[in-house]
>>> print(open('structure.pdb').read())   # PDB, C-alpha atoms
MODEL        1
ATOM      1  CA  MET A   1      64.674 112.921  82.353
ATOM      2  CA  ILE A   2      61.131 111.698  81.665
ATOM      3  CA  ILE A   3      61.030 107.925  81.221
ATOM      4  CA  ASN A   4      57.807 106.708  79.645
ATOM      5  CA  ASP A   5      56.657 104.363  76.852
ATOM      6  CA  ARG A   6      56.869 107.067  74.201
ATOM      7  CA  ASN A   7      60.423 108.064  75.042
ATOM      8  CA  ILE A   8      61.637 104.482  75.389
ATOM      9  CA  LYS A   9      60.355 103.682  71.885
ATOM     10  CA  MET A  10      61.803 106.892  70.477
ATOM     11  CA  TRP A  11      65.233 106.285  72.049
ATOM     12  CA  SER A  12      65.213 102.749  70.658
ATOM     13  CA  THR A  13      64.493 104.049  67.167
ATOM     14  CA  ILE A  14      67.271 106.641  67.137
ATOM     15  CA  GLY A  15      69.825 104.404  68.872
ATOM     16  CA  SER A  16      72.247 104.860  71.752
ATOM     17  CA  ARG A  17      74.365 107.602  70.159
ATOM     18  CA  ALA A  18      71.515 110.038  69.602
ATOM     19  CA  THR A  19      69.974 109.029  72.928
ATOM     20  CA  PHE A  20      73.226 109.966  74.656
ATOM     21  CA  GLY A  21      72.908 113.489  73.225
ATOM     22  CA  ILE A  22      69.337 113.825  74.506
ATOM     23  CA  ALA A  23      70.344 112.555  77.951
ATOM     24  CA  ALA A  24      73.243 115.029  78.117
ATOM     25  CA  LEU A  25      70.870 117.878  77.203
ATOM     26  CA  GLU A  26      68.553 116.987  80.083
ATOM     27  CA  LEU A  27      71.425 116.543  82.536
ATOM     28  CA  ALA A  28      72.780 119.994  81.700
ATOM     29  CA  LYS A  29      69.534 121.474  83.029
ATOM     30  CA  GLU A  30      70.159 120.062  86.508
ATOM     31  CA  VAL A  31      73.945 119.697  86.766
ATOM     32  CA  GLU A  32      75.236 123.249  87.020
ATOM     33  CA  ASN A  33      78.926 122.477  86.537
ATOM     34  CA  LEU A  34      78.502 120.029  83.641
ATOM     35  CA  MET A  35      80.936 120.387  80.742
ATOM     36  CA  VAL A  36      80.812 118.230  77.595
ATOM     37  CA  LEU A  37      83.931 117.917  75.438
ATOM     38  CA  THR A  38      83.970 116.413  71.940
ATOM     39  CA  CYS A  39      86.334 115.925  69.026
ATOM     40  CA  ASP A  40      84.370 117.097  65.984
ATOM     41  CA  VAL A  41      81.481 114.680  66.662
ATOM     42  CA  SER A  42      78.600 116.898  67.793
ATOM     43  CA  THR A  43      76.309 115.477  65.094
ATOM     44  CA  SER A  44      77.548 111.886  65.380
ATOM     45  CA  ALA A  45      77.044 111.954  69.163
ATOM     46  CA  GLY A  46      73.605 113.581  68.953
ATOM     47  CA  LEU A  47      74.879 116.765  70.608
ATOM     48  CA  ASP A  48      73.831 119.466  68.127
ATOM     49  CA  ARG A  49      70.892 120.634  70.291
ATOM     50  CA  TYR A  50      73.076 120.508  73.386
ATOM     51  CA  ARG A  51      75.781 122.583  71.677
ATOM     52  CA  LYS A  52      73.256 125.241  70.647
ATOM     53  CA  THR A  53      71.342 125.281  73.946
ATOM     54  CA  PHE A  54      74.349 125.278  76.291
ATOM     55  CA  PRO A  55      77.303 126.744  74.385
ATOM     56  CA  GLU A  56      78.952 127.670  77.695
ATOM     57  CA  LYS A  57      78.886 123.991  78.711
ATOM     58  CA  TYR A  58      80.322 122.640  75.480
ATOM     59  CA  LEU A  59      83.819 122.558  74.018
ATOM     60  CA  ASP A  60      84.882 121.053  70.678
ATOM     61  CA  LEU A  61      88.598 120.236  70.629
ATOM     62  CA  GLY A  62      88.669 119.264  66.961
ATOM     63  CA  ILE A  63      90.312 116.023  65.898
ATOM     64  CA  ALA A  64      92.687 116.016  68.873
ATOM     65  CA  GLU A  65      91.523 113.264  71.185
ATOM     66  CA  GLN A  66      94.626 113.071  73.379
ATOM     67  CA  ASN A  67      94.423 116.815  73.952
ATOM     68  CA  MET A  68      90.747 116.409  74.881
ATOM     69  CA  ILE A  69      91.688 114.145  77.807
ATOM     70  CA  GLY A  70      94.237 116.690  79.035
ATOM     71  CA  VAL A  71      91.712 119.510  78.854
ATOM     72  CA  ALA A  72      89.074 117.325  80.526
ATOM     73  CA  SER A  73      91.327 116.502  83.467
ATOM     74  CA  GLY A  74      92.229 120.181  83.824
ATOM     75  CA  LEU A  75      88.571 121.204  83.902
ATOM     76  CA  SER A  76      87.865 118.432  86.396
ATOM     77  CA  SER A  77      90.605 119.742  88.687
ATOM     78  CA  GLU A  78      88.828 123.119  88.644
ATOM     79  CA  GLY A  79      85.517 121.660  89.802
ATOM     80  CA  PHE A  80      83.728 120.885  86.529
ATOM     81  CA  ASN A  81      81.767 117.662  86.038
ATOM     82  CA  VAL A  82      83.258 116.601  82.705
ATOM     83  CA  VAL A  83      81.921 114.282  80.006
ATOM     84  CA  THR A  84      84.083 113.505  76.969
ATOM     85  CA  THR A  85      82.961 111.715  73.830
ATOM     86  CA  THR A  86      84.143 110.594  70.428
ATOM     87  CA  PHE A  87      84.199 107.310  68.521
ATOM     88  CA  ALA A  88      85.221 104.474  70.849
ATOM     89  CA  PRO A  89      88.658 103.572  69.393
ATOM     90  CA  PHE A  90      89.728 107.223  69.464
ATOM     91  CA  GLN A  91      88.237 107.825  72.937
ATOM     92  CA  THR A  92      90.147 104.908  74.446
ATOM     93  CA  ILE A  93      93.040 103.343  72.519
ATOM     94  CA  ARG A  94      94.349 106.585  71.009
ATOM     95  CA  CYS A  95      94.213 108.235  74.437
ATOM     96  CA  CYS A  96      95.473 105.352  76.559
ATOM     97  CA  GLU A  97      98.503 107.119  78.052
ATOM     98  CA  GLN A  98      96.569 110.314  78.771
ATOM     99  CA  ILE A  99      93.771 108.323  80.432
ATOM    100  CA  LYS A 100      96.297 106.421  82.532
ATOM    101  CA  VAL A 101      98.204 109.497  83.713
ATOM    102  CA  ASN A 102      95.621 112.301  83.805
ATOM    103  CA  ILE A 103      92.546 110.358  84.890
ATOM    104  CA  GLY A 104      93.721 107.132  86.535
ATOM    105  CA  TYR A 105      96.965 108.168  88.194
ATOM    106  CA  MET A 106      95.993 111.773  88.975
ATOM    107  CA  LYS A 107      92.477 110.677  90.015
ATOM    108  CA  GLN A 108      90.678 113.398  88.078
ATOM    109  CA  LYS A 109      87.011 112.438  87.722
ATOM    110  CA  VAL A 110      85.907 112.287  84.067
ATOM    111  CA  CYS A 111      83.049 110.401  82.388
ATOM    112  CA  MET A 112      84.215 109.114  78.992
ATOM    113  CA  VAL A 113      81.654 107.964  76.411
ATOM    114  CA  GLY A 114      82.797 105.826  73.485
ATOM    115  CA  ILE A 115      80.245 105.976  70.662
ATOM    116  CA  GLY A 116      79.892 103.316  67.969
ATOM    117  CA  SER A 117      81.820 100.655  69.874
ATOM    118  CA  GLY A 118      81.851  96.980  68.982
ATOM    119  CA  LEU A 119      81.029  96.113  65.360
ATOM    120  CA  ALA A 120      78.417  98.769  64.497
ATOM    121  CA  LEU A 121      80.791 100.747  62.253
ATOM    122  CA  GLY A 122      81.878  97.640  60.365
ATOM    123  CA  THR A 123      81.577  99.197  56.919
ATOM    124  CA  LEU A 124      84.469 101.493  57.893
ATOM    125  CA  GLY A 125      86.671  98.563  58.912
ATOM    126  CA  TYR A 126      88.536  97.934  62.147
ATOM    127  CA  THR A 127      89.974 101.424  62.358
ATOM    128  CA  HIS A 128      86.477 102.378  63.523
ATOM    129  CA  CYS A 129      85.208  99.087  64.950
ATOM    130  CA  CYS A 130      86.297  98.742  68.567
ATOM    131  CA  ILE A 131      86.770  95.303  70.093
ATOM    132  CA  GLU A 132      89.613  96.259  72.467
ATOM    133  CA  ASP A 133      88.355  99.179  74.575
ATOM    134  CA  ILE A 134      87.287  97.200  77.659
ATOM    135  CA  GLY A 135      90.560  95.283  77.692
ATOM    136  CA  VAL A 136      92.601  98.478  77.359
ATOM    137  CA  LEU A 137      90.827 100.388  80.142
ATOM    138  CA  ARG A 138      90.092  97.550  82.556
ATOM    139  CA  SER A 139      93.732  97.419  83.654
ATOM    140  CA  ILE A 140      93.829 101.146  84.501
ATOM    141  CA  PRO A 141      92.908 101.740  88.170
ATOM    142  CA  GLU A 142      90.123 104.089  89.318
ATOM    143  CA  ILE A 143      87.881 103.721  86.237
ATOM    144  CA  SER A 144      84.483 101.974  86.144
ATOM    145  CA  ILE A 145      83.372 100.453  82.827
ATOM    146  CA  ILE A 146      79.714 100.299  81.754
ATOM    147  CA  SER A 147      78.228  98.718  78.631
ATOM    148  CA  PRO A 148      74.499  99.615  78.395
ATOM    149  CA  ALA A 149      72.087  96.986  77.051
ATOM    150  CA  ASP A 150      69.780  99.411  75.232
ATOM    151  CA  SER A 151      69.001 103.093  74.813
ATOM    152  CA  LEU A 152      67.120 103.395  78.113
ATOM    153  CA  GLU A 153      70.100 101.926  79.923
ATOM    154  CA  THR A 154      72.283 104.486  78.125
ATOM    155  CA  VAL A 155      70.199 107.206  79.796
ATOM    156  CA  LYS A 156      70.442 105.498  83.194
ATOM    157  CA  ALA A 157      74.198 104.881  82.853
ATOM    158  CA  LEU A 158      75.032 108.466  81.907
ATOM    159  CA  ASP A 159      72.994 109.840  84.795
ATOM    160  CA  ALA A 160      74.692 107.467  87.257
ATOM    161  CA  ALA A 161      78.187 108.121  85.879
ATOM    162  CA  VAL A 162      77.877 111.907  85.951
ATOM    163  CA  LYS A 163      76.575 111.797  89.530
ATOM    164  CA  SER A 164      79.226 109.295  90.643
ATOM    165  CA  ASP A 165      82.410 110.420  92.380
ATOM    166  CA  LYS A 166      84.529 108.056  90.267
ATOM    167  CA  SER A 167      85.708 108.158  86.653
ATOM    168  CA  CYS A 168      83.770 106.000  84.251
ATOM    169  CA  TYR A 169      83.870 104.739  80.668
ATOM    170  CA  ILE A 170      80.500 104.164  78.986
ATOM    171  CA  ARG A 171      80.723 101.870  75.967
ATOM    172  CA  LEU A 172      77.874 102.419  73.487
ATOM    173  CA  THR A 173      77.172  99.486  71.166
ATOM    174  CA  GLY A 174      74.405  98.887  68.645
ATOM    175  CA  ALA A 175      73.028 101.103  65.895
ATOM    176  CA  SER A 176      69.715 102.846  65.253
ATOM    177  CA  ASN A 177      66.607 100.751  65.850
ATOM    178  CA  ASN A 178      68.311  99.422  68.961
ATOM    179  CA  PRO A 179      66.212  96.515  70.374
ATOM    180  CA  ILE A 180      64.369  97.373  73.599
ATOM    181  CA  VAL A 181      65.512  95.347  76.605
ATOM    182  CA  TYR A 182      63.828  97.465  79.305
ATOM    183  CA  GLU A 183      60.215  98.419  78.560
ATOM    184  CA  LYS A 184      59.800 100.482  81.732
ATOM    185  CA  ASP A 185      61.901 102.349  84.289
ATOM    186  CA  TYR A 186      64.012 100.280  86.668
ATOM    187  CA  LYS A 187      66.743 100.611  89.287
ATOM    188  CA  PHE A 188      70.231 100.989  87.822
ATOM    189  CA  GLU A 189      73.306 100.843  90.022
ATOM    190  CA  ILE A 190      76.935 100.840  88.889
ATOM    191  CA  GLY A 191      78.471  97.465  89.798
ATOM    192  CA  LYS A 192      75.143  95.624  90.234
ATOM    193  CA  SER A 193      74.136  93.296  87.393
ATOM    194  CA  ILE A 194      70.471  92.635  86.577
ATOM    195  CA  LYS A 195      68.888  89.192  86.220
ATOM    196  CA  LEU A 196      66.549  89.344  83.228
ATOM    197  CA  ARG A 197      65.526  85.710  83.026
ATOM    198  CA  GLU A 198      65.532  82.804  85.482
ATOM    199  CA  GLY A 199      67.119  79.482  84.558
ATOM    200  CA  LYS A 200      68.532  76.392  86.250
ATOM    201  CA  ASP A 201      70.671  74.652  83.610
ATOM    202  CA  LEU A 202      73.100  77.356  82.546
ATOM    203  CA  THR A 203      73.824  81.062  83.025
ATOM    204  CA  ILE A 204      74.387  83.551  80.219
ATOM    205  CA  PHE A 205      76.295  86.660  81.275
ATOM    206  CA  CYS A 206      76.003  89.326  78.580
ATOM    207  CA  SER A 207      76.509  93.048  78.048
ATOM    208  CA  GLY A 208      75.720  95.804  75.566
ATOM    209  CA  SER A 209      74.096  94.798  72.285
ATOM    210  CA  MET A 210      74.488  91.126  73.177
ATOM    211  CA  VAL A 211      71.851  91.312  75.912
ATOM    212  CA  SER A 212      68.945  91.313  73.455
ATOM    213  CA  ASN A 213      70.608  88.583  71.366
ATOM    214  CA  SER A 214      71.146  86.476  74.501
ATOM    215  CA  LEU A 215      67.502  86.824  75.539
ATOM    216  CA  LEU A 216      66.440  85.616  72.097
ATOM    217  CA  ALA A 217      68.926  82.746  72.361
ATOM    218  CA  ALA A 218      67.484  81.761  75.751
ATOM    219  CA  LYS A 219      63.996  81.533  74.220
ATOM    220  CA  ILE A 220      65.284  79.179  71.522
ATOM    221  CA  LEU A 221      67.069  77.077  74.162
ATOM    222  CA  GLU A 222      63.824  76.839  76.137
ATOM    223  CA  GLN A 223      62.191  75.215  73.112
ATOM    224  CA  LYS A 224      64.982  72.634  73.277
ATOM    225  CA  LYS A 225      64.236  71.948  76.972
ATOM    226  CA  ILE A 226      67.273  73.847  78.257
ATOM    227  CA  SER A 227      66.649  76.456  80.965
ATOM    228  CA  ALA A 228      69.006  79.437  80.607
ATOM    229  CA  LYS A 229      69.348  82.239  83.137
ATOM    230  CA  VAL A 230      70.219  85.571  81.482
ATOM    231  CA  VAL A 231      72.089  88.266  83.414
ATOM    232  CA  ASN A 232      72.805  91.745  82.076
ATOM    233  CA  VAL A 233      76.292  92.550  83.349
ATOM    234  CA  HIS A 234      76.105  96.219  82.394
ATOM    235  CA  THR A 235      79.105  97.029  84.609
ATOM    236  CA  ILE A 236      82.244  95.168  83.545
ATOM    237  CA  LYS A 237      84.330  96.893  86.207
ATOM    238  CA  PRO A 238      83.708  96.513  89.092
ATOM    239  CA  ILE A 239      82.333  93.064  88.237
ATOM    240  CA  ASP A 240      79.355  91.775  90.232
ATOM    241  CA  LYS A 241      80.945  88.943  92.228
ATOM    242  CA  LYS A 242      77.693  87.914  93.890
ATOM    243  CA  ALA A 243      76.104  87.218  90.484
ATOM    244  CA  ILE A 244      79.037  84.960  89.574
ATOM    245  CA  ASP A 245      78.727  83.121  92.885
ATOM    246  CA  GLU A 246      75.057  82.444  92.128
ATOM    247  CA  ALA A 247      75.823  81.320  88.570
ATOM    248  CA  CYS A 248      78.109  78.599  89.882
ATOM    249  CA  SER A 249      75.023  76.586  90.851
ATOM    250  CA  THR A 250      74.318  76.011  87.136
ATOM    251  CA  LYS A 251      76.130  73.507  84.888
ATOM    252  CA  LEU A 252      77.652  76.007  82.435
ATOM    253  CA  ILE A 253      78.542  79.706  82.433
ATOM    254  CA  VAL A 254      78.444  81.503  79.091
ATOM    255  CA  THR A 255      79.776  85.019  78.480
ATOM    256  CA  VAL A 256      78.566  86.860  75.374
ATOM    257  CA  GLU A 257      80.095  90.158  74.315
ATOM    258  CA  GLU A 258      80.684  92.290  71.227
ATOM    259  CA  HIS A 259      84.368  92.533  72.149
ATOM    260  CA  ASN A 260      87.521  90.469  71.927
ATOM    261  CA  ILE A 261      87.129  87.391  74.149
ATOM    262  CA  ILE A 262      90.468  88.451  75.680
ATOM    263  CA  GLY A 263      90.265  91.252  78.242
ATOM    264  CA  GLY A 264      86.526  91.884  78.294
ATOM    265  CA  LEU A 265      83.490  90.505  80.116
ATOM    266  CA  GLY A 266      84.576  86.886  79.716
ATOM    267  CA  SER A 267      87.984  87.615  81.211
ATOM    268  CA  ALA A 268      86.476  89.572  84.113
ATOM    269  CA  VAL A 269      84.123  86.696  84.977
ATOM    270  CA  SER A 270      86.817  84.021  84.667
ATOM    271  CA  GLU A 271      89.313  85.973  86.787
ATOM    272  CA  TYR A 272      86.942  85.988  89.742
ATOM    273  CA  LYS A 273      85.662  82.467  89.035
ATOM    274  CA  SER A 274      89.228  81.122  89.212
ATOM    275  CA  LEU A 275      89.378  82.168  92.891
ATOM    276  CA  LEU A 276      86.424  79.965  93.842
ATOM    277  CA  PRO A 277      86.974  76.464  95.220
ATOM    278  CA  SER A 278      84.762  74.959  92.515
ATOM    279  CA  SER A 279      82.987  76.412  89.495
ATOM    280  CA  PRO A 280      81.426  75.229  86.234
ATOM    281  CA  GLN A 281      83.019  75.344  82.806
ATOM    282  CA  GLN A 282      82.886  78.675  80.968
ATOM    283  CA  LEU A 283      82.127  79.244  77.297
ATOM    284  CA  PHE A 284      83.568  82.479  75.872
ATOM    285  CA  LEU A 285      81.509  83.948  73.011
ATOM    286  CA  GLY A 286      82.760  87.088  71.287
ATOM    287  CA  ILE A 287      85.363  88.054  68.706
ATOM    288  CA  LYS A 288      88.008  85.305  68.703
ATOM    289  CA  ASP A 289      91.084  87.538  68.940
ATOM    290  CA  ASN A 290      91.251  88.449  65.258
ATOM    291  CA  TYR A 291      90.483  91.251  62.817
ATOM    292  CA  SER A 292      88.190  90.135  60.021
ATOM    293  CA  LYS A 293      87.323  92.045  56.894
ATOM    294  CA  GLY A 294      84.795  94.848  57.294
ATOM    295  CA  GLY A 295      81.112  94.572  56.517
ATOM    296  CA  THR A 296      77.637  95.505  57.674
ATOM    297  CA  TYR A 297      76.713  95.215  61.323
ATOM    298  CA  LYS A 298      74.461  92.209  60.778
ATOM    299  CA  PHE A 299      77.065  90.490  58.600
ATOM    300  CA  LEU A 300      79.807  90.896  61.215
ATOM    301  CA  GLN A 301      77.597  89.656  64.058
ATOM    302  CA  GLU A 302      76.839  86.571  61.996
ATOM    303  CA  LYS A 303      80.476  86.101  60.979
ATOM    304  CA  HIS A 304      81.657  86.245  64.590
ATOM    305  CA  ARG A 305      78.831  83.893  65.693
ATOM    306  CA  LEU A 306      77.053  86.531  67.765
ATOM    307  CA  SER A 307      73.577  86.230  66.229
ATOM    308  CA  PRO A 308      70.995  84.497  68.467
ATOM    309  CA  GLU A 309      71.048  81.376  66.284
ATOM    310  CA  LYS A 310      74.861  81.074  66.347
ATOM    311  CA  ILE A 311      74.910  81.690  70.105
ATOM    312  CA  VAL A 312      72.469  78.787  70.509
ATOM    313  CA  GLU A 313      74.576  76.485  68.297
ATOM    314  CA  ASP A 314      77.716  77.108  70.338
ATOM    315  CA  ILE A 315      75.917  76.730  73.663
ATOM    316  CA  LEU A 316      74.330  73.464  72.584
ATOM    317  CA  ASN A 317      77.717  72.145  71.505
ATOM    318  CA  SER A 318      79.300  72.887  74.900
ATOM    319  CA  TYR A 319      76.279  71.861  76.953
ATOM    320  CA  SER A 320      75.970  68.490  75.217
ATOM    321  CA  LYS A 321      79.603  67.692  76.103
ATOM    322  CA  ILE A 322      78.985  68.496  79.769
ATOM    323  CA  ASN A 323      75.885  66.292  79.872
ATOM    324  CA  GLY A 324      77.675  63.477  78.087
TER     325      GLY A 324
ENDMDL
END
>>> encode(input="structure.pdb", output="structure tokens")
Amino acid sequence: MIINDRNIKMWSTIGSRATFGIAALELAKEVENLMVLTCDVSTSAGLDRYRKTFPEKYLDLGIAEQNMIGVASGLSSEGFNVVTTTFAPFQTIRCCEQIKVNIGYMKQKVCMVGIGSGLALGTLGYTHCCIEDIGVLRSIPEISIISPADSLETVKALDAAVKSDKSCYIRLTGASNNPIVYEKDYKFEIGKSIKLREGKDLTIFCSGSMVSNSLLAAKILEQKKISAKVVNVHTIKPIDKKAIDEACSTKLIVTVEEHNIIGGLGSAVSEYKSLLPSSPQQLFLGIKDNYSKGGTYKFLQEKHRLSPEKIVEDILNSYSKING
């Protein structure tokens, strides 16, 4: 895969879904035993060119997601490097038992890609929004969970997941015109978070679409004389314990995610933090364990206080209480 300024801008414009399809097309040229399985989403997942170029490496199971997981695990047992994809709620929640038994318990290596996760499909309501997928899969053993910050990280995550020896779920958030977080190539490693901004007062742990919003929030906080470190926790499982250890030197830890505050990034951070002899207070920012009415992506981010301005308001409220 060629990573340059032109491609980074192009991937940002088309968004993570279409970028995933391009990345899969390039991977198929070098991974001989690659097999991509979908459930009637070749266009939605940006896989039309892949399907036409590598028909022998592509299988559409129709609208039968649970069956797709069974077929994927069977192909994996026969030596294929399998990638499955459909919309996030159908890739994960609908297939929970099959993922548990066929992938987790039987240890068949499969890379699952959930497209349109988080709030991006808000106009279709919460049948298609997905704020539960991390929480559902995080409790199943043997599965890594990645939430890319932008389209370039989608490319890096898919490459790493396909070449890994462990099953993985890649959670794609955001829509087209996905903000650029990484303007040039960088080292990506499953399980290793990336510090994007230094800060001494508080630490913002973020993932997926919330990375760009958190960086913008940190800039606003800087104008208010508050120094915020921003860390892209692209891998929710396994969580980067060293990054949490380092964050404990700041006065406040904030987790920002386009997911239910129960079971996701915030929970993963707090579970490890609770084992430490001393640690700062944690502010959980995300969807507050409820289903709201549907709406546009921007509207739902604002409603759930996930816009940069709302993130700043909530941080200031918590930080002011700590500082008296």
>>> closest_residue(input="structure.pdb", among="A:Gly104, A:Gly116, A:Gly122, A:Gly74", to="Ile140 (chain A)", atoms="all atoms listed in the file")
A:Gly104
>>> resolve_selection(input="structure.pdb", expression="the PyMOL selection byres ((chain A and resi 152-162) around 7)", output="list in words")
Ile8, Trp11, Ser16, Phe20, Ala23, Asn81, Cys111, Pro148, Ala149, Asp150, Ser151, Lys163, Ser164, Cys168, Tyr182 and Phe188 of chain A
>>> resolve_selection(input="structure.pdb", expression="the PyMOL selection byres ((chain A and resi 260) around 7)", output="JSON, numbers by chain")
{"A": [131, 132, 259, 261, 262, 263, 264, 286, 287, 288, 289]}
>>> resolve_selection(input="structure.pdb", expression="the PyMOL selection byres ((chain A and resi 253-258) around 6)", output="VMD selection string")
chain A and resid 118 202 to 207 210 252 259 266 282 to 286
>>> residues_around(input="structure.pdb", residues="region 222-235 of chain A", least_positions_apart="4", cutoff="7 Å", atoms="all atoms listed in the file", output="compact mmCIF listing (two decimals) with C-alpha atoms, keeping the file's coordinate frame")
# COMPACT_ATOMS: atom_id res chain seq x y z
CA ILE A 145 83.37 100.45 82.83
CA ILE A 146 79.71 100.30 81.75
CA SER A 147 78.23 98.72 78.63
CA PRO A 148 74.50 99.62 78.40
CA ALA A 149 72.09 96.99 77.05
CA ILE A 190 76.94 100.84 88.89
CA GLY A 191 78.47 97.46 89.80
CA SER A 193 74.14 93.30 87.39
CA ILE A 194 70.47 92.64 86.58
CA LYS A 195 68.89 89.19 86.22
CA LEU A 196 66.55 89.34 83.23
CA ARG A 197 65.53 85.71 83.03
CA GLU A 198 65.53 82.80 85.48
CA GLY A 199 67.12 79.48 84.56
CA LYS A 200 68.53 76.39 86.25
CA ASP A 201 70.67 74.65 83.61
CA LEU A 202 73.10 77.36 82.55
CA THR A 203 73.82 81.06 83.02
CA ILE A 204 74.39 83.55 80.22
CA PHE A 205 76.30 86.66 81.28
CA CYS A 206 76.00 89.33 78.58
CA SER A 207 76.51 93.05 78.05
CA GLY A 208 75.72 95.80 75.57
CA VAL A 211 71.85 91.31 75.91
CA LEU A 215 67.50 86.82 75.54
CA ALA A 218 67.48 81.76 75.75
CA ILE A 239 82.33 93.06 88.24
>>> residues_around(input="structure.pdb", residues="Ser278 (chain A)", least_positions_apart="2", cutoff="12 Å", atoms="all atoms listed in the file", output="MDAnalysis selection string")
chainID A and resid 244:245 247:251 272:276 280:281
>>> atom_distance(input="structure.pdb", atom1="CA of Ile99 (chain A)", atom2="CA of Glu78 (chain A)")
17.6 Å
>>> residues_around(input="structure.pdb", residues="Tyr126 (chain A)", least_positions_apart="3", cutoff="10 Å", atoms="only C-alpha atoms", output="short mmCIF file (atom, residue, chain, number, x, y, z; two decimals) with C-alpha atoms, keeping the file's coordinate frame")
data_model
loop_
_atom_site.label_atom_id
_atom_site.label_comp_id
_atom_site.auth_asym_id
_atom_site.auth_seq_id
_atom_site.Cartn_x
_atom_site.Cartn_y
_atom_site.Cartn_z
CA PRO A 89 88.66 103.57 69.39
CA GLY A 118 81.85 96.98 68.98
CA LEU A 119 81.03 96.11 65.36
CA LEU A 121 80.79 100.75 62.25
CA GLY A 122 81.88 97.64 60.36
CA THR A 123 81.58 99.20 56.92
CA CYS A 129 85.21 99.09 64.95
CA CYS A 130 86.30 98.74 68.57
CA ILE A 131 86.77 95.30 70.09
CA TYR A 291 90.48 91.25 62.82
CA SER A 292 88.19 90.14 60.02
CA LYS A 293 87.32 92.04 56.89
CA GLY A 294 84.80 94.85 57.29
CA GLY A 295 81.11 94.57 56.52
#
